[in-house]
$ cat my_file.cif   # mmCIF, N, CA and C atoms
data_final
loop_
_atom_site.label_atom_id
_atom_site.label_comp_id
_atom_site.auth_asym_id
_atom_site.auth_seq_id
_atom_site.Cartn_x
_atom_site.Cartn_y
_atom_site.Cartn_z
N MET A 1 51.88 89.33 111.22
CA MET A 1 50.68 89.08 110.44
C MET A 1 49.78 90.30 110.48
N ILE A 2 49.26 90.69 109.37
CA ILE A 2 48.39 91.85 109.31
C ILE A 2 46.98 91.43 109.69
N LEU A 3 46.44 92.10 110.70
CA LEU A 3 45.04 91.89 111.04
C LEU A 3 44.22 92.69 110.05
N THR A 4 43.19 92.11 109.55
CA THR A 4 42.42 92.78 108.52
C THR A 4 41.30 93.62 109.10
N PHE A 5 40.77 94.45 108.25
CA PHE A 5 39.63 95.28 108.63
C PHE A 5 38.50 94.41 109.14
N LEU A 6 38.30 93.25 108.55
CA LEU A 6 37.27 92.33 108.97
C LEU A 6 37.43 91.98 110.44
N THR A 7 38.64 91.66 110.86
CA THR A 7 38.90 91.32 112.26
C THR A 7 38.60 92.48 113.17
N ILE A 8 39.01 93.68 112.78
CA ILE A 8 38.78 94.85 113.61
C ILE A 8 37.30 95.15 113.70
N CYS A 9 36.56 95.00 112.61
CA CYS A 9 35.12 95.28 112.64
C CYS A 9 34.37 94.33 113.57
N THR A 10 34.87 93.12 113.71
CA THR A 10 34.23 92.15 114.58
C THR A 10 34.12 92.68 116.00
N PHE A 11 35.08 93.51 116.39
CA PHE A 11 35.10 94.02 117.75
C PHE A 11 34.51 95.42 117.89
N ALA A 12 34.00 95.97 116.81
CA ALA A 12 33.42 97.31 116.88
C ALA A 12 32.18 97.29 117.77
N VAL A 13 32.07 98.26 118.64
CA VAL A 13 31.01 98.30 119.62
C VAL A 13 29.64 98.43 118.97
N ASN A 14 29.50 99.24 117.95
CA ASN A 14 28.21 99.51 117.34
C ASN A 14 27.81 98.52 116.26
N ALA A 15 28.70 97.63 115.88
CA ALA A 15 28.40 96.69 114.80
C ALA A 15 27.50 95.57 115.29
N GLN A 16 26.55 95.23 114.44
CA GLN A 16 25.65 94.12 114.75
C GLN A 16 25.70 93.15 113.57
N LYS A 17 26.06 91.91 113.85
CA LYS A 17 26.12 90.91 112.78
C LYS A 17 24.72 90.66 112.25
N LEU A 18 24.64 90.45 110.94
CA LEU A 18 23.39 90.15 110.27
C LEU A 18 23.53 88.87 109.47
N SER A 19 22.49 88.07 109.47
CA SER A 19 22.49 86.92 108.56
C SER A 19 22.13 87.46 107.17
N ALA A 20 22.59 86.78 106.16
CA ALA A 20 22.40 87.24 104.78
C ALA A 20 20.92 87.42 104.44
N ASP A 21 20.03 86.63 105.05
CA ASP A 21 18.60 86.76 104.75
C ASP A 21 17.98 88.04 105.34
N LYS A 22 18.70 88.74 106.20
CA LYS A 22 18.23 90.00 106.77
C LYS A 22 18.70 91.22 105.96
N VAL A 23 19.53 90.97 104.95
CA VAL A 23 20.05 92.05 104.11
C VAL A 23 19.11 92.22 102.92
N PRO A 24 18.59 93.43 102.71
CA PRO A 24 17.64 93.65 101.61
C PRO A 24 18.25 93.37 100.24
N PRO A 25 17.43 92.87 99.30
CA PRO A 25 17.93 92.58 97.95
C PRO A 25 18.65 93.75 97.28
N PRO A 26 18.17 95.01 97.39
CA PRO A 26 18.92 96.08 96.73
C PRO A 26 20.36 96.22 97.23
N VAL A 27 20.57 95.93 98.51
CA VAL A 27 21.92 96.02 99.08
C VAL A 27 22.79 94.90 98.52
N LYS A 28 22.26 93.68 98.52
CA LYS A 28 23.01 92.55 97.96
C LYS A 28 23.31 92.76 96.48
N ASN A 29 22.32 93.28 95.74
CA ASN A 29 22.52 93.53 94.31
C ASN A 29 23.58 94.60 94.07
N GLY A 30 23.58 95.63 94.91
CA GLY A 30 24.58 96.68 94.79
C GLY A 30 25.99 96.14 94.95
N LEU A 31 26.15 95.23 95.90
CA LEU A 31 27.46 94.62 96.11
C LEU A 31 27.85 93.71 94.95
N SER A 32 26.90 92.91 94.48
CA SER A 32 27.22 91.95 93.42
C SER A 32 27.54 92.61 92.08
N LYS A 33 27.09 93.85 91.89
CA LYS A 33 27.41 94.57 90.64
C LYS A 33 28.91 94.83 90.53
N THR A 34 29.55 95.15 91.64
CA THR A 34 30.98 95.47 91.59
C THR A 34 31.86 94.32 92.09
N HIS A 35 31.27 93.39 92.79
CA HIS A 35 32.02 92.24 93.32
C HIS A 35 31.22 90.96 93.06
N PRO A 36 31.08 90.58 91.79
CA PRO A 36 30.26 89.40 91.46
C PRO A 36 30.87 88.11 92.00
N GLY A 37 29.98 87.23 92.43
CA GLY A 37 30.40 85.89 92.84
C GLY A 37 31.01 85.76 94.22
N ILE A 38 31.04 86.82 95.00
CA ILE A 38 31.63 86.71 96.33
C ILE A 38 30.55 86.31 97.34
N THR A 39 31.00 85.74 98.44
CA THR A 39 30.12 85.44 99.57
C THR A 39 30.58 86.31 100.72
N ALA A 40 29.68 87.13 101.22
CA ALA A 40 30.03 88.08 102.28
C ALA A 40 29.40 87.71 103.61
N THR A 41 30.04 88.15 104.68
CA THR A 41 29.38 88.20 105.97
C THR A 41 28.92 89.64 106.13
N TRP A 42 27.81 89.81 106.84
CA TRP A 42 27.17 91.12 106.89
C TRP A 42 27.09 91.65 108.31
N GLU A 43 27.16 92.98 108.40
CA GLU A 43 26.97 93.69 109.67
C GLU A 43 26.13 94.93 109.41
N TRP A 44 25.50 95.41 110.46
CA TRP A 44 24.77 96.67 110.44
C TRP A 44 25.48 97.60 111.41
N GLU A 45 25.92 98.75 110.91
CA GLU A 45 26.64 99.69 111.75
C GLU A 45 26.38 101.11 111.29
N ASP A 46 26.02 101.96 112.22
CA ASP A 46 25.82 103.39 111.94
C ASP A 46 24.89 103.61 110.75
N ALA A 47 23.78 102.91 110.72
CA ALA A 47 22.73 103.06 109.69
C ALA A 47 23.18 102.62 108.30
N HIS A 48 24.22 101.77 108.22
CA HIS A 48 24.69 101.26 106.94
C HIS A 48 24.94 99.76 107.04
N TYR A 49 24.95 99.13 105.88
CA TYR A 49 25.29 97.71 105.79
C TYR A 49 26.77 97.60 105.49
N GLU A 50 27.41 96.62 106.08
CA GLU A 50 28.82 96.38 105.81
C GLU A 50 29.01 94.94 105.39
N ALA A 51 29.60 94.75 104.22
CA ALA A 51 29.88 93.42 103.68
C ALA A 51 31.37 93.16 103.82
N ASN A 52 31.72 92.03 104.40
CA ASN A 52 33.12 91.64 104.58
C ASN A 52 33.35 90.35 103.81
N PHE A 53 34.44 90.33 103.03
CA PHE A 53 34.69 89.17 102.19
C PHE A 53 36.15 89.13 101.75
N LYS A 54 36.52 88.04 101.13
CA LYS A 54 37.85 87.89 100.53
C LYS A 54 37.70 88.01 99.02
N GLU A 55 38.64 88.74 98.42
CA GLU A 55 38.64 88.87 96.97
C GLU A 55 40.09 88.93 96.51
N LYS A 56 40.44 88.03 95.61
CA LYS A 56 41.83 87.94 95.11
C LYS A 56 42.82 87.80 96.26
N GLY A 57 42.42 87.03 97.28
CA GLY A 57 43.30 86.74 98.41
C GLY A 57 43.41 87.86 99.43
N LYS A 58 42.67 88.93 99.27
CA LYS A 58 42.74 90.06 100.21
C LYS A 58 41.41 90.24 100.91
N SER A 59 41.49 90.72 102.15
CA SER A 59 40.27 91.04 102.90
C SER A 59 39.74 92.38 102.40
N VAL A 60 38.42 92.41 102.17
CA VAL A 60 37.76 93.60 101.65
C VAL A 60 36.51 93.85 102.49
N SER A 61 36.21 95.11 102.68
CA SER A 61 35.00 95.51 103.38
C SER A 61 34.34 96.63 102.60
N CYS A 62 33.06 96.50 102.32
CA CYS A 62 32.30 97.55 101.63
C CYS A 62 31.19 98.04 102.54
N VAL A 63 31.04 99.35 102.61
CA VAL A 63 29.94 99.97 103.35
C VAL A 63 28.92 100.42 102.30
N LEU A 64 27.67 99.97 102.49
CA LEU A 64 26.61 100.28 101.54
C LEU A 64 25.44 100.94 102.24
N ASP A 65 24.74 101.81 101.50
CA ASP A 65 23.51 102.37 102.05
C ASP A 65 22.35 101.44 101.71
N LYS A 66 21.14 101.80 102.13
CA LYS A 66 19.99 100.91 101.96
C LYS A 66 19.56 100.73 100.50
N THR A 67 20.06 101.59 99.60
CA THR A 67 19.74 101.44 98.18
C THR A 67 20.74 100.54 97.45
N GLY A 68 21.83 100.17 98.15
CA GLY A 68 22.84 99.33 97.53
C GLY A 68 24.01 100.11 96.96
N THR A 69 24.06 101.40 97.21
CA THR A 69 25.18 102.23 96.76
C THR A 69 26.37 102.00 97.69
N ILE A 70 27.51 101.68 97.10
CA ILE A 70 28.72 101.49 97.90
C ILE A 70 29.27 102.86 98.26
N LEU A 71 29.38 103.12 99.56
CA LEU A 71 29.86 104.40 100.06
C LEU A 71 31.37 104.41 100.19
N GLU A 72 31.94 103.26 100.56
CA GLU A 72 33.40 103.14 100.62
C GLU A 72 33.78 101.68 100.60
N THR A 73 34.99 101.45 100.09
CA THR A 73 35.55 100.10 100.04
C THR A 73 36.93 100.15 100.67
N GLU A 74 37.14 99.27 101.63
CA GLU A 74 38.43 99.18 102.32
C GLU A 74 39.06 97.84 101.94
N THR A 75 40.30 97.91 101.43
CA THR A 75 40.98 96.71 100.95
C THR A 75 42.35 96.59 101.61
N GLU A 76 42.63 95.41 102.11
CA GLU A 76 43.94 95.12 102.71
C GLU A 76 45.02 95.30 101.66
N ILE A 77 46.12 95.98 102.03
CA ILE A 77 47.25 96.15 101.12
C ILE A 77 48.56 95.87 101.87
N ALA A 78 49.63 95.74 101.11
CA ALA A 78 50.96 95.57 101.69
C ALA A 78 51.55 96.95 101.98
N GLN A 79 52.49 97.01 102.91
CA GLN A 79 53.13 98.28 103.24
C GLN A 79 53.80 98.89 102.02
N SER A 80 54.32 98.07 101.15
CA SER A 80 54.98 98.59 99.95
C SER A 80 54.00 99.30 99.01
N ASP A 81 52.69 99.10 99.22
CA ASP A 81 51.68 99.78 98.40
C ASP A 81 51.31 101.16 98.92
N LEU A 82 51.82 101.52 100.09
CA LEU A 82 51.57 102.86 100.63
C LEU A 82 52.38 103.90 99.85
N PRO A 83 51.92 105.13 99.80
CA PRO A 83 52.74 106.18 99.20
C PRO A 83 54.06 106.33 99.98
N LYS A 84 55.10 106.73 99.27
CA LYS A 84 56.43 106.86 99.88
C LYS A 84 56.40 107.77 101.11
N THR A 85 55.67 108.87 101.04
CA THR A 85 55.59 109.81 102.15
C THR A 85 55.03 109.14 103.41
N ALA A 86 54.03 108.29 103.24
CA ALA A 86 53.44 107.58 104.38
C ALA A 86 54.46 106.62 104.97
N ASN A 87 55.15 105.89 104.13
CA ASN A 87 56.18 104.96 104.63
C ASN A 87 57.29 105.70 105.37
N THR A 88 57.67 106.86 104.86
CA THR A 88 58.70 107.65 105.53
C THR A 88 58.22 108.08 106.92
N TYR A 89 56.97 108.53 107.00
CA TYR A 89 56.40 108.94 108.29
C TYR A 89 56.42 107.76 109.28
N ILE A 90 56.01 106.61 108.82
CA ILE A 90 55.97 105.42 109.69
C ILE A 90 57.38 105.07 110.15
N SER A 91 58.34 105.09 109.23
CA SER A 91 59.74 104.79 109.59
C SER A 91 60.28 105.79 110.61
N ASP A 92 59.96 107.07 110.42
CA ASP A 92 60.47 108.11 111.31
C ASP A 92 59.84 108.07 112.70
N HIS A 93 58.55 107.70 112.78
CA HIS A 93 57.84 107.78 114.05
C HIS A 93 57.53 106.43 114.71
N TYR A 94 57.58 105.35 113.95
CA TYR A 94 57.22 104.03 114.47
C TYR A 94 58.23 102.96 114.08
N ASN A 95 59.48 103.34 113.91
CA ASN A 95 60.53 102.42 113.48
C ASN A 95 60.59 101.21 114.44
N GLY A 96 60.50 100.03 113.87
CA GLY A 96 60.59 98.80 114.65
C GLY A 96 59.29 98.37 115.29
N LYS A 97 58.23 99.17 115.19
CA LYS A 97 56.93 98.82 115.77
C LYS A 97 56.17 97.92 114.81
N LYS A 98 55.41 97.00 115.37
CA LYS A 98 54.64 96.06 114.56
C LYS A 98 53.37 96.71 114.00
N ILE A 99 53.24 96.64 112.71
CA ILE A 99 52.04 97.15 112.04
C ILE A 99 51.00 96.04 112.07
N LYS A 100 49.80 96.38 112.53
CA LYS A 100 48.74 95.38 112.66
C LYS A 100 47.81 95.34 111.46
N GLU A 101 47.67 96.48 110.79
CA GLU A 101 46.74 96.54 109.65
C GLU A 101 47.17 97.65 108.71
N ILE A 102 47.05 97.38 107.42
CA ILE A 102 47.25 98.41 106.40
C ILE A 102 46.15 98.21 105.36
N ALA A 103 45.46 99.29 105.03
CA ALA A 103 44.37 99.19 104.06
C ALA A 103 44.25 100.47 103.26
N SER A 104 43.77 100.32 102.04
CA SER A 104 43.39 101.48 101.25
C SER A 104 41.88 101.64 101.41
N ILE A 105 41.43 102.88 101.46
CA ILE A 105 40.01 103.18 101.61
C ILE A 105 39.61 104.05 100.43
N ARG A 106 38.72 103.53 99.60
CA ARG A 106 38.24 104.28 98.43
C ARG A 106 36.80 104.68 98.69
N LYS A 107 36.57 105.99 98.72
CA LYS A 107 35.22 106.55 98.92
C LYS A 107 34.47 106.56 97.59
N ALA A 108 33.15 106.70 97.66
CA ALA A 108 32.32 106.72 96.47
C ALA A 108 32.70 107.85 95.52
N ASN A 109 33.20 108.96 96.06
CA ASN A 109 33.58 110.09 95.22
C ASN A 109 34.96 109.93 94.59
N GLY A 110 35.61 108.79 94.82
CA GLY A 110 36.92 108.51 94.24
C GLY A 110 38.09 108.84 95.15
N GLU A 111 37.83 109.54 96.25
CA GLU A 111 38.89 109.88 97.20
C GLU A 111 39.50 108.60 97.78
N VAL A 112 40.83 108.58 97.86
CA VAL A 112 41.54 107.43 98.40
C VAL A 112 42.32 107.87 99.63
N ASN A 113 42.19 107.11 100.70
CA ASN A 113 42.98 107.30 101.91
C ASN A 113 43.63 105.97 102.26
N TYR A 114 44.58 106.03 103.16
CA TYR A 114 45.25 104.83 103.63
C TYR A 114 45.15 104.80 105.15
N GLU A 115 44.87 103.62 105.68
CA GLU A 115 44.76 103.43 107.12
C GLU A 115 45.85 102.48 107.57
N VAL A 116 46.56 102.87 108.62
CA VAL A 116 47.62 102.04 109.17
C VAL A 116 47.39 101.94 110.68
N ALA A 117 47.26 100.73 111.18
CA ALA A 117 47.14 100.49 112.61
C ALA A 117 48.50 100.05 113.14
N VAL A 118 49.07 100.88 114.03
CA VAL A 118 50.39 100.60 114.59
C VAL A 118 50.46 101.14 116.01
N SER A 119 51.02 100.38 116.91
CA SER A 119 51.20 100.79 118.31
C SER A 119 49.93 101.32 118.95
N GLY A 120 48.81 100.65 118.68
CA GLY A 120 47.54 101.03 119.28
C GLY A 120 46.94 102.29 118.70
N LYS A 121 47.48 102.79 117.63
CA LYS A 121 46.98 104.01 117.00
C LYS A 121 46.50 103.71 115.59
N GLU A 122 45.56 104.52 115.13
CA GLU A 122 45.08 104.43 113.76
C GLU A 122 45.53 105.68 113.03
N LEU A 123 46.40 105.49 112.07
CA LEU A 123 46.91 106.61 111.26
C LEU A 123 46.16 106.62 109.94
N ILE A 124 45.72 107.80 109.52
CA ILE A 124 45.05 107.95 108.24
C ILE A 124 45.90 108.90 107.39
N PHE A 125 46.24 108.44 106.19
CA PHE A 125 47.02 109.22 105.24
C PHE A 125 46.17 109.51 104.02
N ASP A 126 46.39 110.66 103.39
CA ASP A 126 45.67 110.95 102.15
C ASP A 126 46.36 110.24 100.99
N GLN A 127 45.85 110.45 99.79
CA GLN A 127 46.35 109.75 98.61
C GLN A 127 47.83 110.03 98.34
N SER A 128 48.31 111.20 98.73
CA SER A 128 49.71 111.53 98.51
C SER A 128 50.62 111.03 99.63
N GLY A 129 50.01 110.52 100.71
CA GLY A 129 50.79 110.02 101.84
C GLY A 129 50.92 110.98 102.99
N LYS A 130 50.22 112.11 102.93
CA LYS A 130 50.27 113.10 104.00
C LYS A 130 49.36 112.63 105.15
N LEU A 131 49.87 112.71 106.39
CA LEU A 131 49.11 112.30 107.56
C LEU A 131 47.90 113.23 107.73
N ARG A 132 46.72 112.63 107.85
CA ARG A 132 45.49 113.40 108.06
C ARG A 132 44.96 113.24 109.48
N LYS A 133 45.20 112.06 110.08
CA LYS A 133 44.63 111.78 111.39
C LYS A 133 45.55 110.82 112.12
N GLY A 134 45.72 111.03 113.43
CA GLY A 134 46.55 110.16 114.25
C GLY A 134 47.94 110.75 114.42
N LYS A 135 48.64 110.34 115.46
CA LYS A 135 50.01 110.78 115.69
C LYS A 135 50.69 109.84 116.64
#
$ encode --input "my_file.cif" --output "structure tokens"
Amino acid sequence: MILTFLTICTFAVNAQKLSADKVPPPVKNGLSKTHPGITATWEWEDAHYEANFKEKGKSVSCVLDKTGTILETETEIAQSDLPKTANTYISDHYNGKKIKEIASIRKANGEVNYEVAVSGKELIFDQSGKLRKGK
């Protein structure tokens, strides 16, 4: 079973859970513009708001600034959605190991990365599947 970003964020040391009434209207409005009709749980971490929710059956997390601008969106994906190069790297270095999380991360500037949690490590791949962080 894939643990989602939401589960991992729950254990983050710096994260502080927030009730929805503590989240400023501009932040809530910023989220609802791109994700209308969702109900999120909220956290405050590293001077940003984080909204965690389900959308189309997938776990999603958005990091927003105080004006409601989404800085990045992390969405749970299947391993088959990773670039081929990333899958090859995982097969070569972690064959038979249980993958705990796979997500795509889309930054506000359009940059896409992929995060894979396997064997207690966090691997970050760029859009083409090249390893950027972790080993």
$ closest_residue --input "my_file.cif" --among "A:Leu71, A:Asp81, A:Asn87, A:Tyr94" --to "Arg106 of chain A" --atoms "only C-alpha atoms"
A:Leu71
$ residues_near_point --input "my_file.cif" --point "(23.2, 100.3, 91.3)" --cutoff "7 Å" --atoms "only N, CA and C atoms" --output "PyMOL selection string"
chain A and resi 29-30+67-69
$ residues_around --input "my_file.cif" --residues "Thr75 of chain A" --least-positions-apart "5" --cutoff "7 Å" --atoms "only C-alpha atoms" --output "PyMOL selection string"
chain A and resi 58-61+103-105
$ write_last_selection --input "my_file.cif" --atoms "N, CA and C atoms" --output "PDB file, in the coordinates of the input"
ATOM      1  N   LYS A  58      42.670  88.930  99.270  1.00  0.00           N
ATOM      2  CA  LYS A  58      42.740  90.060 100.210  1.00  0.00           C
ATOM      3  C   LYS A  58      41.410  90.240 100.910  1.00  0.00           C
ATOM      4  N   SER A  59      41.490  90.720 102.150  1.00  0.00           N
ATOM      5  CA  SER A  59      40.270  91.040 102.900  1.00  0.00           C
ATOM      6  C   SER A  59      39.740  92.380 102.400  1.00  0.00           C
ATOM      7  N   VAL A  60      38.420  92.410 102.170  1.00  0.00           N
ATOM      8  CA  VAL A  60      37.760  93.600 101.650  1.00  0.00           C
ATOM      9  C   VAL A  60      36.510  93.850 102.490  1.00  0.00           C
ATOM     10  N   SER A  61      36.210  95.110 102.680  1.00  0.00           N
ATOM     11  CA  SER A  61      35.000  95.510 103.380  1.00  0.00           C
ATOM     12  C   SER A  61      34.340  96.630 102.600  1.00  0.00           C
ATOM     13  N   ALA A 103      45.460  99.290 105.030  1.00  0.00           N
ATOM     14  CA  ALA A 103      44.370  99.190 104.060  1.00  0.00           C
ATOM     15  C   ALA A 103      44.250 100.470 103.260  1.00  0.00           C
ATOM     16  N   SER A 104      43.770 100.320 102.040  1.00  0.00           N
ATOM     17  CA  SER A 104      43.390 101.480 101.250  1.00  0.00           C
ATOM     18  C   SER A 104      41.880 101.640 101.410  1.00  0.00           C
ATOM     19  N   ILE A 105      41.430 102.880 101.460  1.00  0.00           N
ATOM     20  CA  ILE A 105      40.010 103.180 101.610  1.00  0.00           C
ATOM     21  C   ILE A 105      39.610 104.050 100.430  1.00  0.00           C
TER      22      ILE A 105
END
$ atom_distance --input "my_file.cif" --atom1 "atom N of His93 of chain A" --atom2 "atom N of Asn113 of chain A"
20.3 Å
$ atom_distance --input "my_file.cif" --atom1 "atom CA of Gln16 of chain A" --atom2 "atom CA of Ile38 of chain A"
20.7 Å
$ resolve_selection --input "my_file.cif" --expression "the PyMOL selection byres ((chain A and resi 114) around 8)" --output "JSON, numbers by chain"
{"A": [82, 83, 102, 103, 104, 105, 106, 111, 112, 113, 115, 116, 117, 122, 123, 124, 125, 126, 127, 128, 129]}
$ select_by_dssp --input "my_file.cif" --residues "segment 2-105 of chain A" --states "strand (DSSP E or B)" --output "ChimeraX atom specification"
/A:16-18,41-45,48-55,58-64,70-76,99-105
$ resolve_selection --input "my_file.cif" --expression "the PyMOL selection byres ((chain A and resi 47) around 7)" --output "number ranges by chain"
A: 44-46, 48-49, 64-66
$ closest_residue --input "my_file.cif" --among "A:Lys100, A:Lys17, A:Lys28, A:Lys133" --to "Thr41 of chain A" --atoms "only N, CA and C atoms"
A:Lys17
$ select_by_dssp --input "my_file.cif" --residues "chain A" --states "helix (DSSP H, G or I)" --output "PyMOL selection string"
chain A and resi 5-10+20-22+25-34+79-81+84-94
$ write_last_selection --input "my_file.cif" --atoms "N, CA and C atoms" --output "short mmCIF file (atom, residue, chain, number, x, y, z; two decimals), in the coordinates of the input"
data_model
loop_
_atom_site.label_atom_id
_atom_site.label_comp_id
_atom_site.auth_asym_id
_atom_site.auth_seq_id
_atom_site.Cartn_x
_atom_site.Cartn_y
_atom_site.Cartn_z
N PHE A 5 40.77 94.45 108.25
CA PHE A 5 39.63 95.28 108.63
C PHE A 5 38.50 94.41 109.14
N LEU A 6 38.30 93.25 108.55
CA LEU A 6 37.27 92.33 108.97
C LEU A 6 37.43 91.98 110.44
N THR A 7 38.64 91.66 110.86
CA THR A 7 38.90 91.32 112.26
C THR A 7 38.60 92.48 113.17
N ILE A 8 39.01 93.68 112.78
CA ILE A 8 38.78 94.85 113.61
C ILE A 8 37.30 95.15 113.70
N CYS A 9 36.56 95.00 112.61
CA CYS A 9 35.12 95.28 112.64
C CYS A 9 34.37 94.33 113.57
N THR A 10 34.87 93.12 113.71
CA THR A 10 34.23 92.15 114.58
C THR A 10 34.12 92.68 116.00
N ALA A 20 22.59 86.78 106.16
CA ALA A 20 22.40 87.24 104.78
C ALA A 20 20.92 87.42 104.44
N ASP A 21 20.03 86.63 105.05
CA ASP A 21 18.60 86.76 104.75
C ASP A 21 17.98 88.04 105.34
N LYS A 22 18.70 88.74 106.20
CA LYS A 22 18.23 90.00 106.77
C LYS A 22 18.70 91.22 105.96
N PRO A 25 17.43 92.87 99.30
CA PRO A 25 17.93 92.58 97.95
C PRO A 25 18.65 93.75 97.28
N PRO A 26 18.17 95.01 97.39
CA PRO A 26 18.92 96.08 96.73
C PRO A 26 20.36 96.22 97.23
N VAL A 27 20.57 95.93 98.51
CA VAL A 27 21.92 96.02 99.08
C VAL A 27 22.79 94.90 98.52
N LYS A 28 22.26 93.68 98.52
CA LYS A 28 23.01 92.55 97.96
C LYS A 28 23.31 92.76 96.48
N ASN A 29 22.32 93.28 95.74
CA ASN A 29 22.52 93.53 94.31
C ASN A 29 23.58 94.60 94.07
N GLY A 30 23.58 95.63 94.91
CA GLY A 30 24.58 96.68 94.79
C GLY A 30 25.99 96.14 94.95
N LEU A 31 26.15 95.23 95.90
CA LEU A 31 27.46 94.62 96.11
C LEU A 31 27.85 93.71 94.95
N SER A 32 26.90 92.91 94.48
CA SER A 32 27.22 91.95 93.42
C SER A 32 27.54 92.61 92.08
N LYS A 33 27.09 93.85 91.89
CA LYS A 33 27.41 94.57 90.64
C LYS A 33 28.91 94.83 90.53
N THR A 34 29.55 95.15 91.64
CA THR A 34 30.98 95.47 91.59
C THR A 34 31.86 94.32 92.09
N GLN A 79 52.49 97.01 102.91
CA GLN A 79 53.13 98.28 103.24
C GLN A 79 53.80 98.89 102.02
N SER A 80 54.32 98.07 101.15
CA SER A 80 54.98 98.59 99.95
C SER A 80 54.00 99.30 99.01
N ASP A 81 52.69 99.10 99.22
CA ASP A 81 51.68 99.78 98.40
C ASP A 81 51.31 101.16 98.92
N LYS A 84 55.10 106.73 99.27
CA LYS A 84 56.43 106.86 99.88
C LYS A 84 56.40 107.77 101.11
N THR A 85 55.67 108.87 101.04
CA THR A 85 55.59 109.81 102.15
C THR A 85 55.03 109.14 103.41
N ALA A 86 54.03 108.29 103.24
CA ALA A 86 53.44 107.58 104.38
C ALA A 86 54.46 106.62 104.97
N ASN A 87 55.15 105.89 104.13
CA ASN A 87 56.18 104.96 104.63
C ASN A 87 57.29 105.70 105.37
N THR A 88 57.67 106.86 104.86
CA THR A 88 58.70 107.65 105.53
C THR A 88 58.22 108.08 106.92
N TYR A 89 56.97 108.53 107.00
CA TYR A 89 56.40 108.94 108.29
C TYR A 89 56.42 107.76 109.28
N ILE A 90 56.01 106.61 108.82
CA ILE A 90 55.97 105.42 109.69
C ILE A 90 57.38 105.07 110.15
N SER A 91 58.34 105.09 109.23
CA SER A 91 59.74 104.79 109.59
C SER A 91 60.28 105.79 110.61
N ASP A 92 59.96 107.07 110.42
CA ASP A 92 60.47 108.11 111.31
C ASP A 92 59.84 108.07 112.70
N HIS A 93 58.55 107.70 112.78
CA HIS A 93 57.84 107.78 114.05
C HIS A 93 57.53 106.43 114.71
N TYR A 94 57.58 105.35 113.95
CA TYR A 94 57.22 104.03 114.47
C TYR A 94 58.23 102.96 114.08
#
$ atom_distance --input "my_file.cif" --atom1 "atom N of Ala20 of chain A" --atom2 "atom C of Trp42 of chain A"
7.0 Å
$ axis_aligned_box --input "my_file.cif" --around "segment 85-92 of chain A" --padding-each-side "4 Å" --output "lines of an AutoDock Vina configuration file"
center_x = 57.0
center_y = 107.3
center_z = 106.9
size_x = 15.0
size_y = 13.0
size_z = 19.7
$ closest_residue --input "my_file.cif" --among "A:Ile99, A:Leu131, A:Val63, A:Val118" --to "Lys84 of chain A" --atoms "only C-alpha atoms"
A:Leu131
$ closest_residue --input "my_file.cif" --among "A:Pro25, A:Ala15, A:Ile70, A:Ser80" --to "Glu43 of chain A" --atoms "all atoms listed in the file"
A:Ala15
$ residues_around --input "my_file.cif" --residues "Thr39 of chain A" --least-positions-apart "2" --cutoff "6.5 Å" --atoms "only N, CA and C atoms" --output "PDB file with N, CA and C atoms, keeping the file's coordinate frame"
ATOM      1  N   GLY A  37      29.980  87.230  92.430  1.00  0.00           N
ATOM      2  CA  GLY A  37      30.400  85.890  92.840  1.00  0.00           C
ATOM      3  C   GLY A  37      31.010  85.760  94.220  1.00  0.00           C
ATOM      4  N   THR A  41      30.040  88.150 104.680  1.00  0.00           N
ATOM      5  CA  THR A  41      29.380  88.200 105.970  1.00  0.00           C
ATOM      6  C   THR A  41      28.920  89.640 106.130  1.00  0.00           C
ATOM      7  N   ASN A  52      31.720  92.030 104.400  1.00  0.00           N
ATOM      8  CA  ASN A  52      33.120  91.640 104.580  1.00  0.00           C
ATOM      9  C   ASN A  52      33.350  90.350 103.810  1.00  0.00           C
ATOM     10  N   PHE A  53      34.440  90.330 103.030  1.00  0.00           N
ATOM     11  CA  PHE A  53      34.690  89.170 102.190  1.00  0.00           C
ATOM     12  C   PHE A  53      36.150  89.130 101.750  1.00  0.00           C
ATOM     13  N   LYS A  54      36.520  88.040 101.130  1.00  0.00           N
ATOM     14  CA  LYS A  54      37.850  87.890 100.530  1.00  0.00           C
ATOM     15  C   LYS A  54      37.700  88.010  99.020  1.00  0.00           C
TER      16      LYS A  54
END
$ closest_residue --input "my_file.cif" --among "A:Lys130, A:Thr73, A:Thr88, A:Asp21" --to "Ala108 of chain A" --atoms "all atoms listed in the file"
A:Thr73
$ decode --input "my_file.cif" --residues "segment 30-36 of chain A" --atoms "N, CA and C atoms" --output "compact mmCIF listing (two decimals), in the first residue's frame"
# COMPACT_ATOMS: atom_id res chain seq x y z
N GLY A 30 -7.54 30.91 -2.61
CA GLY A 30 -6.51 30.48 -3.55
C GLY A 30 -6.61 29.00 -3.86
N LEU A 31 -6.87 28.21 -2.83
CA LEU A 31 -7.02 26.77 -3.03
C LEU A 31 -8.29 26.45 -3.82
N SER A 32 -9.39 27.11 -3.47
CA SER A 32 -10.67 26.79 -4.12
C SER A 32 -10.70 27.19 -5.60
N LYS A 33 -9.84 28.13 -6.00
CA LYS A 33 -9.79 28.51 -7.43
C LYS A 33 -9.33 27.34 -8.30
N THR A 34 -8.37 26.57 -7.80
CA THR A 34 -7.85 25.47 -8.62
C THR A 34 -8.40 24.10 -8.20
N HIS A 35 -8.96 24.04 -7.01
CA HIS A 35 -9.52 22.78 -6.50
C HIS A 35 -10.89 23.05 -5.87
N PRO A 36 -11.87 23.42 -6.70
CA PRO A 36 -13.19 23.78 -6.16
C PRO A 36 -13.89 22.58 -5.52
